[in-house]
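Below is target_6.cif, which holds mmCIF, C-alpha atoms.
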data_coords
#
loop_
_atom_site.label_atom_id
_atom_site.label_comp_id
_atom_site.auth_asym_id
_atom_site.auth_seq_id
_atom_site.Cartn_x
_atom_site.Cartn_y
_atom_site.Cartn_z
CA MET I 292 -45.78 62.77 -25.16
CA ILE I 293 -45.93 65.82 -22.93
CA GLN I 294 -45.60 65.36 -19.21
CA LYS I 295 -46.65 68.22 -17.00
CA ARG I 296 -44.29 69.28 -14.26
CA ASN I 297 -46.63 68.34 -11.39
CA ASP I 298 -46.97 64.78 -12.72
CA ALA I 299 -43.22 64.51 -13.23
CA SER I 300 -42.57 65.93 -9.75
CA ARG I 301 -44.95 63.41 -8.15
CA GLU I 302 -43.23 60.53 -9.96
CA ALA I 303 -39.79 61.87 -8.97
CA ALA I 304 -40.83 62.15 -5.32
CA MET I 305 -42.10 58.57 -5.27
CA ALA I 306 -38.93 57.31 -6.99
CA VAL I 307 -36.75 59.09 -4.43
CA ALA I 308 -38.93 57.79 -1.57
CA LYS I 309 -38.33 54.22 -2.77
CA LYS I 310 -34.58 54.84 -2.82
CA MET I 311 -34.83 56.31 0.68
CA LEU I 312 -36.49 53.11 1.91
CA ALA I 313 -33.66 51.07 0.43
CA ALA I 314 -31.09 53.34 2.10
CA ALA I 315 -32.86 53.05 5.47
CA MET I 316 -33.04 49.27 5.23
CA THR I 317 -29.37 48.89 4.26
CA ALA I 318 -28.10 51.29 6.92
CA PRO I 319 -25.87 49.65 9.55
CA LYS I 320 -27.65 48.25 12.60
CA GLY I 321 -26.30 47.58 16.11
CA CYS I 322 -24.98 44.02 16.42
CA GLY I 323 -26.43 43.32 12.96
CA VAL I 324 -29.96 43.09 14.42
CA ASP I 325 -32.50 44.55 12.01
CA ASP I 326 -35.03 46.35 14.21
CA VAL I 327 -35.81 49.11 11.66
CA GLU I 328 -38.86 49.27 9.42
CA ALA I 329 -40.01 51.86 6.87
CA VAL I 330 -42.99 52.64 4.64
CA ILE I 331 -44.10 55.32 2.17
CA ILE I 332 -47.53 56.87 2.53
CA SER I 333 -49.29 59.12 0.04
CA GLY I 334 -52.80 60.02 -1.05
CA GLU I 335 -55.57 59.40 1.48
CA GLU I 336 -53.20 57.88 4.06
CA LYS I 337 -51.06 61.03 3.94
CA ASP I 338 -54.18 63.13 4.50
CA VAL I 339 -55.16 60.98 7.48
CA LEU I 340 -51.65 61.45 8.91
CA ALA I 341 -51.93 65.24 8.61
CA ASN I 342 -55.34 65.16 10.33
CA HIS I 343 -53.95 63.12 13.23
CA MET I 344 -51.14 65.66 13.57
CA ARG I 345 -53.71 68.47 13.75
CA ASP I 346 -55.64 66.53 16.40
CA ILE I 347 -52.46 66.27 18.48
CA ALA I 348 -51.96 70.04 18.09
CA ASP I 349 -55.49 70.68 19.34
CA GLU I 350 -55.09 68.31 22.29
CA THR I 351 -51.65 69.45 23.40
CA GLY I 352 -51.70 73.11 22.43
CA GLU I 353 -48.40 72.57 20.61
CA ASP I 354 -48.79 74.60 17.40
CA PHE I 355 -45.84 72.97 15.64
CA TYR I 356 -47.93 69.82 15.05
CA ALA I 357 -50.40 71.86 12.98
CA ARG I 358 -47.58 73.68 11.17
CA ASP I 359 -45.93 70.34 10.34
CA ALA I 360 -49.31 68.94 9.22
CA GLY I 361 -49.37 71.74 6.66
CA ASN I 362 -45.96 70.57 5.46
CA VAL I 363 -47.36 67.05 5.07
CA ASP I 364 -50.31 68.50 3.12
CA ASN I 365 -47.86 70.26 0.78
CA SER I 366 -45.85 67.10 0.13
CA TYR I 367 -46.30 64.32 -2.39
CA CYS I 368 -45.52 61.55 0.06
CA VAL I 369 -44.06 60.82 3.49
CA VAL I 370 -41.39 58.24 4.31
CA LEU I 371 -41.90 56.83 7.81
CA ILE I 372 -38.98 55.13 9.54
CA TRP I 373 -39.19 53.46 12.96
CA ALA I 374 -37.48 50.93 15.16
CA LYS I 375 -39.10 48.20 17.21
CA ASP I 376 -38.67 48.59 20.94
CA GLU I 377 -36.62 45.45 21.49
CA PRO I 378 -33.46 45.71 23.61
CA LEU I 379 -30.49 43.80 22.22
CA GLN I 380 -29.98 41.97 25.53
CA LEU I 381 -26.28 42.74 25.70
CA THR I 382 -24.58 41.82 28.95
CA ASN I 383 -23.84 44.93 31.01
CA CYS I 384 -24.03 47.33 28.06
CA SER I 385 -25.63 50.18 30.10
CA LEU I 386 -25.47 52.56 27.11
CA CYS I 387 -29.10 53.51 27.88
CA GLY I 388 -28.16 54.63 31.37
CA PHE I 389 -29.47 51.55 33.13
CA GLU I 390 -27.52 48.64 34.58
CA ASP I 391 -28.92 46.10 32.11
CA CYS I 392 -31.80 45.46 29.69
CA ARG I 393 -34.03 44.06 32.43
CA THR I 394 -33.69 47.28 34.47
CA ASN I 395 -34.27 49.33 31.28
CA ARG I 396 -37.52 47.47 30.59
CA ALA I 397 -38.71 47.78 34.19
CA ALA I 398 -38.23 51.56 33.98
CA GLY I 399 -40.09 51.79 30.66
CA ALA I 400 -37.00 53.10 28.88
CA VAL I 401 -35.92 52.56 25.27
CA CYS I 402 -32.83 50.66 24.16
CA ALA I 403 -30.08 53.05 23.03
CA PHE I 404 -29.33 50.75 20.09
CA ASN I 405 -32.94 50.95 18.85
CA ILE I 406 -32.82 54.76 18.90
CA THR I 407 -29.38 54.86 17.30
CA ASP I 408 -30.44 52.43 14.56
CA VAL I 409 -33.45 54.52 13.59
CA GLY I 410 -31.30 57.67 13.63
CA ILE I 411 -28.73 56.15 11.30
CA ALA I 412 -31.51 54.89 9.00
CA VAL I 413 -33.09 58.37 8.90
CA GLY I 414 -29.68 59.90 8.12
CA SER I 415 -29.15 57.44 5.28
CA ALA I 416 -32.62 58.17 3.89
CA VAL I 417 -32.31 61.96 3.95
CA SER I 418 -28.88 61.75 2.31
CA VAL I 419 -30.60 60.06 -0.65
CA ALA I 420 -33.18 62.86 -0.74
CA ALA I 421 -30.40 65.45 -0.67
CA ASP I 422 -28.44 63.65 -3.39
CA ASN I 423 -31.57 63.83 -5.55
CA ARG I 424 -32.26 67.51 -4.73
CA MET I 425 -35.61 66.61 -3.16
CA ASP I 426 -36.95 69.03 -0.52
CA ASN I 427 -37.47 67.17 2.75
CA ARG I 428 -37.60 67.62 6.50
CA VAL I 429 -37.34 65.12 9.36
CA LEU I 430 -40.48 65.44 11.50
CA PHE I 431 -40.88 63.90 14.93
CA SER I 432 -44.49 65.14 14.77
CA ALA I 433 -45.24 62.99 11.71
CA GLY I 434 -43.92 59.96 13.57
CA LYS I 435 -46.22 60.69 16.47
CA GLY I 436 -49.15 61.13 14.09
CA ALA I 437 -48.31 57.79 12.43
CA ALA I 438 -48.35 56.10 15.83
CA ARG I 439 -51.80 57.56 16.45
CA MET I 440 -52.93 56.21 13.06
CA GLY I 441 -52.07 52.73 14.28
CA LEU I 442 -49.56 52.04 11.52
CA PHE I 443 -47.55 49.86 13.87
CA GLY I 444 -48.02 48.06 17.16
CA LYS I 445 -47.13 49.01 20.70
CA GLU I 446 -43.63 47.60 20.21
CA VAL I 447 -42.76 50.83 18.36
CA ARG I 448 -41.91 53.90 20.42
CA VAL I 449 -39.56 55.83 18.10
CA CYS I 450 -40.66 56.94 14.62
CA TYR I 451 -39.86 59.83 12.31
CA GLY I 452 -41.58 61.04 9.17
CA ILE I 453 -39.84 62.58 6.18
CA PRO I 454 -42.21 64.38 3.78
CA LEU I 455 -40.99 65.03 0.22
CA SER I 456 -41.87 68.10 -1.81
CA VAL I 457 -40.91 69.62 -5.14
CA SER I 458 -41.53 73.36 -5.40
CA SER I 459 -39.70 76.54 -6.30
CA LYS I 460 -39.52 77.48 -2.59
CA SER I 461 -39.09 74.82 0.06
CA VAL I 462 -42.31 74.37 2.04
CA PHE I 463 -40.20 73.14 4.96
CA PHE I 464 -38.22 76.33 5.55
CA ASP I 465 -40.45 79.21 4.47
CA ARG I 466 -43.29 77.85 6.55
CA GLY I 467 -46.35 80.01 6.67
CA ASP I 468 -49.72 80.19 4.99
CA GLN I 469 -48.50 79.23 1.53
CA ASP I 470 -50.04 76.25 -0.22
CA VAL I 471 -48.57 74.38 -3.14
CA GLU I 472 -50.91 73.13 -5.84
CA PHE I 473 -50.55 69.51 -6.88
#
What would the structure in this file look like if it were written as structure tokens?
Amino acid sequence: MIQKRNDASREAAMAVAKKMLAAAMTAPKGCGVDDVEAVIISGEEKDVLANHMRDIADETGEDFYARDAGNVDNSYCVVLIWAKDEPLQLTNCSLCGFEDCRTNRAAGAVCAFNITDVGIAVGSAVSVAADNRMDNRVLFSAGKGAARMGLFGKEVRVCYGIPLSVSSKSVFFDRGDQDVEF
């Protein structure tokens, strides 16, 4: 059997993405409360994500959304990691800057533990990508595009996307007009 490099690269990216999900799910969580969720998108869903990112660029005038959409286009898949917006209801924690969770909610703020949990999960996931020599980049813009896609409910306010690519030059650092053929 002969396996072409593009097919092998696609399979490798998906295998690493699955390991990244496991790493994100097993990452430590504040008070042991699991408020983190993760998925892998590829194919048509990945294309829809990139289009939503371009729409955000058009609406906001922020060009980096379109640039990052190109990175999503040039990737095999995207790992999305988010945390539900559910304060831990700790007595007088005030880590978020508010007196208590009730005051946090009234102000429309986000629980510091939720943000920290998603950050630790993202760090665990990208360490797996690095250990497997998989090109990747953490994109806030992909998380915002995923929210626009409706991949999760209104209880999610913090999400990041991590596209995975295999190429001779990283599409995430030499960002320009180059396209990678899949």
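Atom pair CA of Asp338 (chain I) / CA of Lys375 (chain I): separated by 24.7 Å.
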### Task
Please provide the set of residues having any atom within 9 Å of Ala403 (chain I), restricted to only C-alpha atoms, with same-chain residues fewer than 6 positions apart removed, written as a VMD selection string.
chain I and resid 378 385 to 388
### Task
Identify all residues satisfying the PyMOL selection byres ((chain I and resi 415) around 10) in the given file; provide them as number ranges by chain.
I: 311-319, 409-414, 416-420
### Task
Determine the nearest neighbour of Arg428 (chain I) from the options I:Cys392, I:Val363, I:Ala397, I:Val449, counting all atoms listed in the file.
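Between I:Cys392, I:Val363, I:Ala397, I:Val449, the residue approaching Arg428 (chain I) most closely is I:Val363.
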### Message
At a cut-off of 10 Å around the point (-42.7, 71.4, -5.9) (file coordinates), what residues fall inside when counting all atoms listed in the file? I'd like the answer as an MDAnalysis selection string.
### Response
chainID I and resid 296:297 300:301 304 365:367 425:426 455:462 471:473
### Query
Can you list what the PyMOL selection byres ((chain I and resi 326) around 7) grabs from this structure, as a PyMOL selection string?
chain I and resi 324-325+327-328+374-375+405
### Message
Set the distance at 9 Å and use only C-alpha atoms: which residues neighbour Lys445 (chain I) once local chain neighbours fewer than 3 positions away are removed? I'd like the list as a VMD selection string.
### Response
chain I and resid 375 to 376 438 441 448
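Ranking I:Asn395, I:Asp408, I:Ala437, I:Tyr451 by their shortest atom-to-atom distance to Met344 (chain I), with only C-alpha atoms included, puts I:Ala437 first.
The space between CA of Gly321 (chain I) and CA of Val369 (chain I) spans 25.5 Å.
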### Message
Between CA of Ala329 (chain I) and CA of Leu371 (chain I), what is the distance in Å, rounded to a tenth?
### Response
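Answer for the CA of Ala329 (chain I) to CA of Leu371 (chain I) separation: 5.4 Å.
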### Query
Closest to Asp346 (chain I) among I:Ile293, I:Met305, I:Ala360, I:Val330, using all atoms listed in the file?
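Comparing I:Ile293, I:Met305, I:Ala360, I:Val330 against Asp346 (chain I), the winner is I:Ala360.
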Taking 3 positions as the minimum chain separation for residues in the same chain, which residues sit within 7 Å of Cys450 (chain I) when counting all atoms listed in the file? Answer as a JSON list (two decimals) with C-alpha atoms, keeping the file's coordinate frame.
[["chain", "number", "residue", "atom", "x", "y", "z"],
["I", 371, "LEU", "CA", -41.90, 56.83, 7.81],
["I", 372, "ILE", "CA", -38.98, 55.13, 9.54],
["I", 373, "TRP", "CA", -39.19, 53.46, 12.96],
["I", 374, "ALA", "CA", -37.48, 50.93, 15.16],
["I", 431, "PHE", "CA", -40.88, 63.90, 14.93],
["I", 434, "GLY", "CA", -43.92, 59.96, 13.57],
["I", 435, "LYS", "CA", -46.22, 60.69, 16.47]]
### Task
Name the residues that the PyMOL selection byres ((chain I and resi 340) around 9) picks from the file above, as a PyMOL selection string, using the file's chain letters and numbers.
chain I and resi 332+335-339+341-345+360+363+433+436-437+439-440
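The nearest approach to Asp422 (chain I) among the residues I:Leu381, I:Val307, I:Val447, I:Ile406, with all atoms listed in the file taken into account, belongs to I:Val307.
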### Query
Of the candidates I:Leu379, I:Cys384, I:Glu446, I:Lys320, which shows the shortest atom-to-atom distance to Gly399 (chain I), using only C-alpha atoms?
I:Glu446
### Task
Rank I:Ile347, I:Ala421, I:Cys368, I:Ala306 by their smallest atom-to-atom distance to Ile331 (chain I), using only C-alpha atoms, and report the top residue only.
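Ranked by minimum distance to Ile331 (chain I), first place goes to I:Cys368.
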Output region 318-329 of chain I with all heavy atoms present, as a PDB file, in the coordinates of the input.
ATOM      1  N   ALA I 318     -28.942  50.572   5.952  1.00  0.00           N
ATOM      2  CA  ALA I 318     -28.100  51.290   6.920  1.00  0.00           C
ATOM      3  C   ALA I 318     -27.596  50.312   7.980  1.00  0.00           C
ATOM      4  O   ALA I 318     -28.276  49.339   8.307  1.00  0.00           O
ATOM      5  CB  ALA I 318     -28.907  52.410   7.578  1.00  0.00           C
ATOM      6  N   PRO I 319     -26.405  50.552   8.524  1.00  0.00           N
ATOM      7  CA  PRO I 319     -25.870  49.650   9.550  1.00  0.00           C
ATOM      8  C   PRO I 319     -26.772  49.602  10.778  1.00  0.00           C
ATOM      9  O   PRO I 319     -27.396  50.597  11.140  1.00  0.00           O
ATOM     10  CB  PRO I 319     -24.521  50.271   9.915  1.00  0.00           C
ATOM     11  CG  PRO I 319     -24.239  51.303   8.895  1.00  0.00           C
ATOM     12  CD  PRO I 319     -25.521  51.661   8.231  1.00  0.00           C
ATOM     13  N   LYS I 320     -26.835  48.443  11.400  1.00  0.00           N
ATOM     14  CA  LYS I 320     -27.650  48.250  12.600  1.00  0.00           C
ATOM     15  C   LYS I 320     -26.767  47.685  13.711  1.00  0.00           C
ATOM     16  O   LYS I 320     -25.857  46.891  13.459  1.00  0.00           O
ATOM     17  CB  LYS I 320     -28.786  47.250  12.358  1.00  0.00           C
ATOM     18  CG  LYS I 320     -29.567  47.389  11.057  1.00  0.00           C
ATOM     19  CD  LYS I 320     -30.458  48.582  11.007  1.00  0.00           C
ATOM     20  CE  LYS I 320     -31.382  48.622   9.820  1.00  0.00           C
ATOM     21  NZ  LYS I 320     -30.809  48.615   8.502  1.00  0.00           N
ATOM     22  N   GLY I 321     -27.052  48.062  14.951  1.00  0.00           N
ATOM     23  CA  GLY I 321     -26.300  47.580  16.110  1.00  0.00           C
ATOM     24  C   GLY I 321     -26.312  46.072  16.202  1.00  0.00           C
ATOM     25  O   GLY I 321     -27.372  45.454  16.157  1.00  0.00           O
ATOM     26  N   CYS I 322     -25.143  45.480  16.310  1.00  0.00           N
ATOM     27  CA  CYS I 322     -24.980  44.020  16.420  1.00  0.00           C
ATOM     28  C   CYS I 322     -25.592  43.269  15.242  1.00  0.00           C
ATOM     29  O   CYS I 322     -25.861  42.074  15.340  1.00  0.00           O
ATOM     30  CB  CYS I 322     -25.562  43.502  17.730  1.00  0.00           C
ATOM     31  SG  CYS I 322     -24.771  44.202  19.175  1.00  0.00           S
ATOM     32  N   GLY I 323     -25.858  43.961  14.141  1.00  0.00           N
ATOM     33  CA  GLY I 323     -26.430  43.320  12.960  1.00  0.00           C
ATOM     34  C   GLY I 323     -27.893  42.933  13.119  1.00  0.00           C
ATOM     35  O   GLY I 323     -28.438  42.207  12.291  1.00  0.00           O
ATOM     36  N   VAL I 324     -28.555  43.415  14.175  1.00  0.00           N
ATOM     37  CA  VAL I 324     -29.960  43.090  14.420  1.00  0.00           C
ATOM     38  C   VAL I 324     -30.831  44.113  13.706  1.00  0.00           C
ATOM     39  O   VAL I 324     -30.744  45.310  13.983  1.00  0.00           O
ATOM     40  CB  VAL I 324     -30.263  43.090  15.939  1.00  0.00           C
ATOM     41  CG1 VAL I 324     -31.749  42.862  16.183  1.00  0.00           C
ATOM     42  CG2 VAL I 324     -29.424  42.050  16.651  1.00  0.00           C
ATOM     43  N   ASP I 325     -31.665  43.654  12.799  1.00  0.00           N
ATOM     44  CA  ASP I 325     -32.500  44.550  12.010  1.00  0.00           C
ATOM     45  C   ASP I 325     -33.800  44.838  12.751  1.00  0.00           C
ATOM     46  O   ASP I 325     -34.765  44.085  12.669  1.00  0.00           O
ATOM     47  CB  ASP I 325     -32.789  43.946  10.640  1.00  0.00           C
ATOM     48  CG  ASP I 325     -33.451  44.939   9.705  1.00  0.00           C
ATOM     49  OD1 ASP I 325     -33.667  46.094  10.102  1.00  0.00           O
ATOM     50  OD2 ASP I 325     -33.762  44.553   8.564  1.00  0.00           O
ATOM     51  N   ASP I 326     -33.834  45.943  13.465  1.00  0.00           N
ATOM     52  CA  ASP I 326     -35.030  46.350  14.210  1.00  0.00           C
ATOM     53  C   ASP I 326     -35.716  47.542  13.553  1.00  0.00           C
ATOM     54  O   ASP I 326     -36.642  48.115  14.108  1.00  0.00           O
ATOM     55  CB  ASP I 326     -34.676  46.670  15.661  1.00  0.00           C
ATOM     56  CG  ASP I 326     -33.634  47.778  15.788  1.00  0.00           C
ATOM     57  OD1 ASP I 326     -33.141  48.263  14.748  1.00  0.00           O
ATOM     58  OD2 ASP I 326     -33.303  48.154  16.922  1.00  0.00           O
ATOM     59  N   VAL I 327     -35.287  47.922  12.343  1.00  0.00           N
ATOM     60  CA  VAL I 327     -35.810  49.110  11.660  1.00  0.00           C
ATOM     61  C   VAL I 327     -36.801  48.689  10.581  1.00  0.00           C
ATOM     62  O   VAL I 327     -36.605  47.690   9.893  1.00  0.00           O
ATOM     63  CB  VAL I 327     -34.649  49.924  11.028  1.00  0.00           C
ATOM     64  CG1 VAL I 327     -35.164  51.062  10.170  1.00  0.00           C
ATOM     65  CG2 VAL I 327     -33.738  50.457  12.120  1.00  0.00           C
ATOM     66  N   GLU I 328     -37.858  49.488  10.453  1.00  0.00           N
ATOM     67  CA  GLU I 328     -38.860  49.270   9.420  1.00  0.00           C
ATOM     68  C   GLU I 328     -39.191  50.619   8.788  1.00  0.00           C
ATOM     69  O   GLU I 328     -38.987  51.666   9.410  1.00  0.00           O
ATOM     70  CB  GLU I 328     -40.112  48.640  10.034  1.00  0.00           C
ATOM     71  CG  GLU I 328     -41.094  48.087   9.034  1.00  0.00           C
ATOM     72  CD  GLU I 328     -40.496  47.060   8.096  1.00  0.00           C
ATOM     73  OE1 GLU I 328     -40.076  45.993   8.559  1.00  0.00           O
ATOM     74  OE2 GLU I 328     -40.432  47.353   6.880  1.00  0.00           O
ATOM     75  N   ALA I 329     -39.695  50.609   7.564  1.00  0.00           N
ATOM     76  CA  ALA I 329     -40.010  51.860   6.870  1.00  0.00           C
ATOM     77  C   ALA I 329     -41.131  51.625   5.861  1.00  0.00           C
ATOM     78  O   ALA I 329     -41.263  50.523   5.315  1.00  0.00           O
ATOM     79  CB  ALA I 329     -38.777  52.401   6.163  1.00  0.00           C
TER      80      ALA I 329
END
